[in-house]
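Each remark here refers to the structure printed beneath this line.
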Amino acid sequence: MDEMNKNFMSNNTAPVNDNGGFLWGLLGCCIPIVGLILFLVWKDQKPRTAKAAGIGALVSVIIGILWYVVMFILGIGLAAAGM
């Protein structure tokens, strides 16, 4: 009887919907801190969705860094040209 209860209890869990949706990546890209938090929370339960949110956050951070590098180079170039 105890073996039967163990099997029932282990099979009585709801399936996890882990489709790695584009919208979670978009949310991570628009709000990187949320993407990072979702990645850390879901990395074991929903690995595909966590990856989408994490990649979105990473893309946002990389784009932000590239933006500042380009603006810095542009500013140096304009200052050197005397504008």
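Chain identifiers are assigned as A, B, and so on, following the order in which chains appear in the structure tokens; residues are numbered from 1 within each chain, and ligands are numbered from 1 in order of appearance.
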
Which of chain A DSSP labels alpha helix (DSSP H), written as a PyMOL selection string: chain A and resi 2-10+22-30+32-42+47-80

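Using only C-alpha atoms, the protein and nucleic acid residues lying no more than 10 Å from Leu40 in chain A, apart from those fewer than 3 places from it along its own chain, are A:Val34, A:Gly35, A:Leu36, A:Ile37, A:Lys43, A:Asp44, A:Pro47, A:Ala50, A:Lys51, A:Ala53, A:Gly54.
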
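Residue nearest Leu58 in chain A within the list A:Gly28, A:Gly82, A:Gly21, A:Pro15: A:Gly28 [criterion: smallest interatomic distance, only C-alpha atoms].
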
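The two atoms in question, CA of Asn19 in chain A and CA of Gln45 in chain A, are spaced 11.9 Å apart.
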
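Between Phe22 in chain A and the residues A:Lys46, A:Leu38, A:Leu66, A:Ala52, the shortest atom-to-atom distance, using only C-alpha atoms, involves A:Ala52.
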